[in-house]
file run-v7.cif (mmCIF, C-alpha atoms)
data_structure
loop_
_atom_site.label_atom_id
_atom_site.label_comp_id
_atom_site.auth_asym_id
_atom_site.auth_seq_id
_atom_site.Cartn_x
_atom_site.Cartn_y
_atom_site.Cartn_z
CA MET A 483 66.41 118.87 88.70
CA THR A 484 69.28 121.33 88.79
CA ARG A 485 72.70 119.85 89.31
CA PRO A 486 75.19 121.79 91.46
CA ALA A 487 77.55 123.66 89.17
CA SER A 488 80.60 121.58 88.32
CA LEU A 489 79.78 118.81 90.81
CA PRO A 490 82.74 116.57 89.99
CA TRP A 491 82.33 113.32 88.11
CA ALA A 492 78.52 113.45 88.42
CA ALA A 493 77.15 113.48 84.87
CA GLY A 494 74.41 110.92 84.43
CA CYS A 495 74.35 109.92 88.09
CA ALA A 496 71.53 112.11 89.42
CA HIS A 497 68.27 110.87 90.94
CA PRO A 498 65.15 113.04 91.39
CA ALA A 499 63.54 113.54 94.78
CA LYS A 500 61.27 110.72 95.94
CA GLY A 501 58.18 110.99 98.08
CA HIS A 502 58.16 113.98 100.40
CA GLY A 503 61.71 114.91 99.46
CA GLY A 504 64.09 116.42 101.98
CA PRO A 505 67.68 117.66 101.92
CA ALA A 506 69.89 116.72 99.02
CA LEU A 507 72.03 113.59 99.28
CA VAL A 508 75.54 113.21 97.90
CA LEU A 509 76.63 109.56 97.94
CA LEU A 510 80.18 108.44 97.14
CA HIS A 511 81.00 104.85 96.23
CA GLY A 512 84.15 102.99 97.23
CA PHE A 513 87.21 101.70 95.39
CA LEU A 514 86.27 99.40 92.49
CA GLY A 515 82.68 100.56 92.97
CA ALA A 516 80.14 102.52 90.95
CA PRO A 517 77.21 104.87 91.60
CA SER A 518 74.91 101.85 91.37
CA ALA A 519 76.42 100.58 94.64
CA TRP A 520 73.94 102.92 96.37
CA ASN A 521 70.85 101.55 94.55
CA ALA A 522 69.76 99.22 97.35
CA VAL A 523 70.14 102.02 99.91
CA LEU A 524 68.07 104.41 97.77
CA ALA A 525 65.42 101.74 97.28
CA ALA A 526 65.13 101.40 101.07
CA LEU A 527 64.54 105.13 101.58
CA PRO A 528 60.81 105.94 101.78
CA SER A 529 61.56 109.45 100.55
CA HIS A 530 64.56 111.61 99.82
CA GLY A 531 65.57 114.87 98.21
CA PRO A 532 67.59 115.10 94.99
CA VAL A 533 70.50 112.66 94.97
CA TRP A 534 73.89 112.78 93.29
CA CYS A 535 75.97 109.60 93.09
CA PRO A 536 79.10 110.75 91.28
CA TRP A 537 81.74 108.49 89.77
CA LEU A 538 84.96 108.80 91.74
CA PRO A 539 88.08 109.61 89.72
CA GLY A 540 89.69 106.57 88.15
CA HIS A 541 86.30 104.87 87.90
CA GLY A 542 83.69 104.74 85.17
CA PRO A 543 83.61 107.23 82.29
CA ALA A 544 86.89 108.84 81.41
CA ALA A 545 87.32 112.27 83.04
CA PRO A 546 90.29 114.38 84.12
CA ALA A 547 91.41 113.07 87.48
CA PRO A 548 92.80 115.32 90.23
CA ALA A 549 96.57 115.17 90.47
CA THR A 550 96.80 115.35 94.26
CA TRP A 551 94.81 114.38 97.34
CA ASP A 552 94.24 118.05 98.19
CA GLU A 553 92.94 118.80 94.70
CA ALA A 554 90.49 115.90 94.88
CA VAL A 555 89.19 117.03 98.27
CA LEU A 556 88.85 120.69 97.28
CA THR A 557 87.09 119.82 94.02
CA LEU A 558 84.48 117.90 95.99
CA ALA A 559 84.25 120.38 98.88
CA ASP A 560 83.73 123.38 96.60
CA THR A 561 80.72 121.82 94.87
CA LEU A 562 78.76 120.24 97.73
CA PRO A 563 75.13 121.44 97.86
CA ALA A 564 74.52 123.53 100.98
CA GLY A 565 72.63 121.61 103.66
CA ALA A 566 73.09 118.22 101.99
CA VAL A 567 73.65 114.95 103.76
CA LEU A 568 76.96 113.58 102.50
CA ALA A 569 77.80 109.88 102.72
CA GLY A 570 80.66 107.78 101.45
CA TYR A 571 81.84 104.20 101.61
CA SER A 572 85.53 103.31 102.13
CA LEU A 573 87.49 105.46 99.62
CA GLY A 574 84.37 107.59 99.24
CA ALA A 575 84.15 107.94 103.02
CA ARG A 576 87.70 109.21 103.26
CA LEU A 577 87.07 111.84 100.58
CA ALA A 578 83.75 112.77 102.22
CA LEU A 579 85.39 113.24 105.62
CA ALA A 580 88.17 115.43 104.24
CA ALA A 581 85.72 117.54 102.20
CA THR A 582 83.44 118.03 105.22
CA LEU A 583 86.32 119.20 107.37
CA GLN A 584 87.54 121.48 104.58
CA ARG A 585 84.21 123.37 104.40
CA PRO A 586 82.71 123.56 107.93
CA GLY A 587 78.97 124.15 107.92
CA GLN A 588 78.43 123.32 104.26
CA VAL A 589 76.69 119.98 104.80
CA ARG A 590 74.07 118.98 107.35
CA ALA A 591 75.79 115.72 108.32
CA THR A 592 78.32 113.21 106.99
CA VAL A 593 78.03 109.43 107.13
CA LEU A 594 81.29 107.50 106.90
CA VAL A 595 80.67 103.84 106.04
CA GLY A 596 83.83 101.87 106.74
CA GLY A 597 85.78 105.12 106.72
CA HIS A 598 89.37 105.72 107.81
CA VAL A 599 90.95 108.93 109.13
CA GLY A 600 94.50 108.48 107.80
CA PRO A 601 97.67 106.80 109.09
CA ALA A 602 98.51 107.70 112.68
CA SER A 603 102.29 107.39 112.42
CA ALA A 604 105.12 107.77 109.93
CA ALA A 605 105.79 104.04 110.11
CA GLU A 606 102.15 103.20 109.35
CA ARG A 607 102.17 105.68 106.45
CA ALA A 608 105.36 104.23 104.99
CA GLU A 609 104.05 100.68 105.26
CA ARG A 610 100.82 101.66 103.53
CA ALA A 611 102.69 103.61 100.83
CA ALA A 612 104.67 100.50 99.96
CA LEU A 613 101.50 98.41 99.74
CA ASP A 614 99.68 101.05 97.67
CA SER A 615 102.64 101.21 95.29
CA LEU A 616 102.49 97.45 94.73
CA ARG A 617 98.74 97.58 94.12
CA ALA A 618 99.06 100.48 91.67
CA ALA A 619 101.78 98.60 89.79
CA ALA A 620 99.59 95.50 89.60
CA LEU A 621 96.78 97.57 88.11
CA ARG A 622 99.07 99.26 85.61
CA GLY A 623 100.13 95.76 84.58
CA GLY A 624 96.64 95.48 83.11
CA ASP A 625 95.37 92.18 84.55
CA LEU A 626 92.23 93.50 86.21
CA ALA A 627 90.68 90.06 86.70
CA ALA A 628 93.69 88.86 88.67
CA PHE A 629 93.68 92.03 90.75
CA VAL A 630 89.96 91.64 91.53
CA ASP A 631 90.54 88.00 92.50
CA ALA A 632 93.18 89.09 95.01
CA TRP A 633 91.05 91.99 96.25
CA GLU A 634 88.01 89.81 96.87
CA ALA A 635 90.17 87.32 98.77
CA LEU A 636 91.19 89.92 101.38
CA PRO A 637 90.07 89.04 104.94
CA LEU A 638 88.31 92.43 105.08
CA PHE A 639 85.68 91.09 102.68
CA ALA A 640 85.28 87.58 104.09
CA THR A 641 81.72 88.25 105.29
CA GLN A 642 80.60 88.92 101.73
CA ARG A 643 81.21 85.31 100.73
CA THR A 644 77.98 84.31 102.46
CA LEU A 645 75.88 86.70 100.36
CA PRO A 646 73.63 85.34 97.60
CA PRO A 647 75.64 84.37 94.49
CA ALA A 648 73.68 86.84 92.37
CA ALA A 649 74.72 89.76 94.60
CA GLN A 650 78.36 88.69 94.48
CA ALA A 651 78.17 88.31 90.70
CA ARG A 652 76.74 91.82 90.24
CA GLN A 653 79.50 93.30 92.35
CA ARG A 654 82.20 91.41 90.46
CA ALA A 655 80.79 92.48 87.09
CA ALA A 656 80.86 96.12 88.21
CA ARG A 657 84.46 95.76 89.32
CA LEU A 658 85.57 94.17 86.06
CA ALA A 659 83.96 96.96 84.02
CA HIS A 660 86.68 99.43 85.08
CA ASP A 661 89.92 100.36 83.34
CA ALA A 662 92.81 98.86 85.31
CA SER A 663 95.33 101.64 84.66
CA ALA A 664 92.80 104.34 85.55
CA LEU A 665 92.08 102.63 88.87
CA ALA A 666 95.71 103.10 89.87
CA TRP A 667 94.71 106.70 90.70
CA ALA A 668 93.00 105.41 93.82
CA PHE A 669 96.35 104.30 95.22
CA GLU A 670 98.76 106.84 93.70
CA VAL A 671 96.71 109.99 94.49
CA ALA A 672 93.93 108.98 96.89
CA GLY A 673 95.47 106.01 98.68
CA LEU A 674 95.46 105.88 102.46
CA ALA A 675 99.15 106.82 102.43
CA CYS A 676 98.24 110.10 100.67
CA MET A 677 95.63 111.01 103.27
CA PRO A 678 96.72 113.20 106.17
CA ASP A 679 96.00 112.10 109.72
CA LEU A 680 92.61 113.71 110.34
CA ARG A 681 92.29 112.56 113.96
CA PRO A 682 93.08 116.02 115.38
CA ALA A 683 90.54 117.66 113.06
CA VAL A 684 87.88 115.08 113.92
CA ALA A 685 88.59 115.61 117.63
CA ALA A 686 88.05 119.37 117.26
CA THR A 687 85.21 119.50 114.74
CA ARG A 688 81.72 120.79 115.37
CA GLN A 689 80.46 118.99 112.28
CA ARG A 690 77.97 116.14 112.64
CA LEU A 691 79.91 112.99 111.71
CA VAL A 692 78.71 109.39 112.00
CA PHE A 693 81.12 106.51 111.54
CA LEU A 694 79.03 103.50 110.53
CA THR A 695 80.59 100.04 110.68
CA GLY A 696 79.57 96.41 110.72
CA SER A 697 80.10 94.64 114.03
CA LEU A 698 82.15 91.96 112.25
CA ASP A 699 84.46 94.61 110.76
CA THR A 700 86.40 94.70 114.00
CA ARG A 701 89.30 96.95 112.95
CA PHE A 702 87.06 99.72 111.60
CA ALA A 703 84.58 99.28 114.44
CA ALA A 704 87.37 99.88 116.95
CA LEU A 705 88.48 102.96 115.02
CA GLY A 706 84.94 104.34 115.00
CA THR A 707 84.55 103.78 118.74
CA SER A 708 87.86 105.53 119.44
CA LEU A 709 86.72 108.63 117.55
CA GLU A 710 83.34 109.08 119.28
CA ARG A 711 82.79 112.54 120.73
CA PRO A 712 79.11 113.32 121.29
CA PRO A 713 77.26 115.37 120.30
CA TRP A 714 79.35 115.87 117.18
CA VAL A 715 81.04 112.57 116.36
CA HIS A 716 79.21 109.28 116.75
CA HIS A 717 79.88 105.63 115.98
CA ARG A 718 77.07 103.27 115.07
CA SER A 719 77.44 99.55 114.58
CA VAL A 720 75.35 97.18 112.45
CA PRO A 721 75.12 93.72 114.07
CA GLY A 722 76.23 90.75 112.01
CA ALA A 723 77.61 92.76 109.10
CA GLY A 724 81.08 93.30 107.70
CA HIS A 725 82.87 96.11 105.89
CA ASN A 726 80.64 96.87 102.88
CA LEU A 727 77.32 97.87 104.41
CA LEU A 728 75.98 99.15 101.08
CA LEU A 729 76.02 95.52 99.98
CA GLU A 730 75.51 93.68 103.26
CA ALA A 731 73.06 95.93 105.14
CA PRO A 732 71.60 98.64 102.89
CA ALA A 733 68.48 99.03 105.07
CA ALA A 734 70.66 99.97 108.04
CA VAL A 735 72.45 102.61 105.98
CA ALA A 736 69.09 103.94 104.76
CA ALA A 737 67.76 104.12 108.32
CA LEU A 738 70.70 106.26 109.41
CA LEU A 739 70.25 108.58 106.41
CA VAL A 740 66.57 109.00 107.29
CA ASP A 741 67.52 109.88 110.86
CA LEU A 742 70.02 112.51 109.70
CA MET A 743 67.71 113.97 107.05
CA GLU A 744 65.05 114.54 109.70
CA GLN A 745 67.34 116.19 112.24
CA GLU A 746 67.68 119.96 112.30
#
call {"tool": "encode", "arguments": {"input": "run-v7.cif", "output": "structure tokens"}}
result
Amino acid sequence: MTRPASLPWAAGCAHPAKGHGGPALVLLHGFLGAPSAWNAVLAALPSHGPVWCPWLPGHGPAAPAPATWDEAVLTLADTLPAGAVLAGYSLGARLALAATLQRPGQVRATVLVGGHVGPASAAERAERAALDSLRAAALRGGDLAAFVDAWEALPLFATQRTLPPAAQARQRAARLAHDASALAWAFEVAGLACMPDLRPAVAATRQRLVFLTGSLDTRFAALGTSLERPPWVHHRSVPGAGHNLLLEAPAAVAALLVDLMEQE
């Protein structure tokens, strides 16, 4: 399988086509995640084209990390396979959205799992910048276990506490495998405060975007509903699930990918 030239952060994270194939998939994990976060989704796909699950900067193997939000977005946008289905979760969704809007027509469709579109006001941006600064400082302090404890205790992830212990343990082990200081990139360069407000671009786009949220993830579900603009921008909800659908409802994510891979 040929890897797109210079696809960022992707070495060792490629999967060959399965079954009858189809368009390429590019799948981006979230903060504290790993390419393996998509394994359950891939297992639920009856067939798919070649797949790339790159490590995001600050995660996994050491690699030069983009110095700005714009650099990160352009690096991804410039190396997306033409006609691919692009999907991202959380941090990965925000990068996927920005890259899609940066290169209109490059990808077939983009799935945004628990994805944001950027702060809507200066006050919201300032508040988030202060929070991101505190989180980056905590990571640079080097106590990753304490940071993960606090992260997992956030109300956003409350629904995950009912998952089987083995699933929670696998996710925690993946989180603890990272380098704490490297993870600070996610807040200092790619934090929500660094992301421009993409609402106007989403409102004007003729790109196929699908915001996918769990029904119990009420804040992101409301955001997805507010952005709907058929036939280009859709919101789909997964009943009884929370924020991390890769973990909580991988079959639902797979079903949406199948739908988008089959559409012209």
call {"tool": "residues_around", "arguments": {"input": "run-v7.cif", "residues": "stretch 531-540 of chain A", "least_positions_apart": "6", "cutoff": "6 Å", "atoms": "all atoms listed in the file", "output": "ChimeraX atom specification"}}
result
/A:491-492,495-499,503-510,517,547,664-665,667
call {"tool": "resolve_selection", "arguments": {"input": "run-v7.cif", "expression": "the PyMOL selection byres ((chain A and resi 586) around 12)", "output": "NGL selection string"}}
result
:A and (559-560 or 562 or 564-565 or 579-585 or 587-592 or 683-684 or 686-691)
call {"tool": "closest_residue", "arguments": {"input": "run-v7.cif", "among": "A:Ala608, A:Ala675, A:Pro732, A:Ala659", "to": "A:Ala627", "atoms": "all atoms listed in the file"}}
result
A:Ala659
call {"tool": "residues_around", "arguments": {"input": "run-v7.cif", "residues": "A:Leu674", "least_positions_apart": "6", "cutoff": "12 Å", "atoms": "all atoms listed in the file", "output": "VMD selection string"}}
result
chain A and resid 513 551 572 to 577 597 to 602 606 to 615 667 to 668 680
call {"tool": "write_last_selection", "arguments": {"input": "run-v7.cif", "atoms": "C-alpha atoms", "output": "mmCIF file, in the coordinates of the input"}}
result
data_model
loop_
_atom_site.group_PDB
_atom_site.id
_atom_site.type_symbol
_atom_site.label_atom_id
_atom_site.label_comp_id
_atom_site.auth_asym_id
_atom_site.auth_seq_id
_atom_site.Cartn_x
_atom_site.Cartn_y
_atom_site.Cartn_z
ATOM 1 C CA PHE A 513 87.210 101.700 95.390
ATOM 2 C CA TRP A 551 94.810 114.380 97.340
ATOM 3 C CA SER A 572 85.530 103.310 102.130
ATOM 4 C CA LEU A 573 87.490 105.460 99.620
ATOM 5 C CA GLY A 574 84.370 107.590 99.240
ATOM 6 C CA ALA A 575 84.150 107.940 103.020
ATOM 7 C CA ARG A 576 87.700 109.210 103.260
ATOM 8 C CA LEU A 577 87.070 111.840 100.580
ATOM 9 C CA GLY A 597 85.780 105.120 106.720
ATOM 10 C CA HIS A 598 89.370 105.720 107.810
ATOM 11 C CA VAL A 599 90.950 108.930 109.130
ATOM 12 C CA GLY A 600 94.500 108.480 107.800
ATOM 13 C CA PRO A 601 97.670 106.800 109.090
ATOM 14 C CA ALA A 602 98.510 107.700 112.680
ATOM 15 C CA GLU A 606 102.150 103.200 109.350
ATOM 16 C CA ARG A 607 102.170 105.680 106.450
ATOM 17 C CA ALA A 608 105.360 104.230 104.990
ATOM 18 C CA GLU A 609 104.050 100.680 105.260
ATOM 19 C CA ARG A 610 100.820 101.660 103.530
ATOM 20 C CA ALA A 611 102.690 103.610 100.830
ATOM 21 C CA ALA A 612 104.670 100.500 99.960
ATOM 22 C CA LEU A 613 101.500 98.410 99.740
ATOM 23 C CA ASP A 614 99.680 101.050 97.670
ATOM 24 C CA SER A 615 102.640 101.210 95.290
ATOM 25 C CA TRP A 667 94.710 106.700 90.700
ATOM 26 C CA ALA A 668 93.000 105.410 93.820
ATOM 27 C CA LEU A 680 92.610 113.710 110.340
#
call {"tool": "closest_atom_pairs", "arguments": {"input": "run-v7.cif", "of": "stretch 545-632 of chain A", "to": "stretch 643-655 of chain A", "cutoff": "12 Å", "atoms": "only C-alpha atoms", "output": "tab-separated table"}}
result
residue	atom	partner	partner_atom	distance
A:Leu626	CA	A:Arg654	CA	11.1
A:Ala627	CA	A:Arg654	CA	9.4
A:Ala628	CA	A:Arg654	CA	11.9
A:Phe629	CA	A:Arg654	CA	11.5
A:Val630	CA	A:Arg654	CA	7.8
A:Asp631	CA	A:Arg654	CA	9.2
call {"tool": "resolve_selection", "arguments": {"input": "run-v7.cif", "expression": "the PyMOL selection byres ((chain A and resi 723) around 9)", "output": "VMD selection string"}}
result
chain A and resid 641 to 642 695 to 699 719 to 722 724 to 727 730 to 731
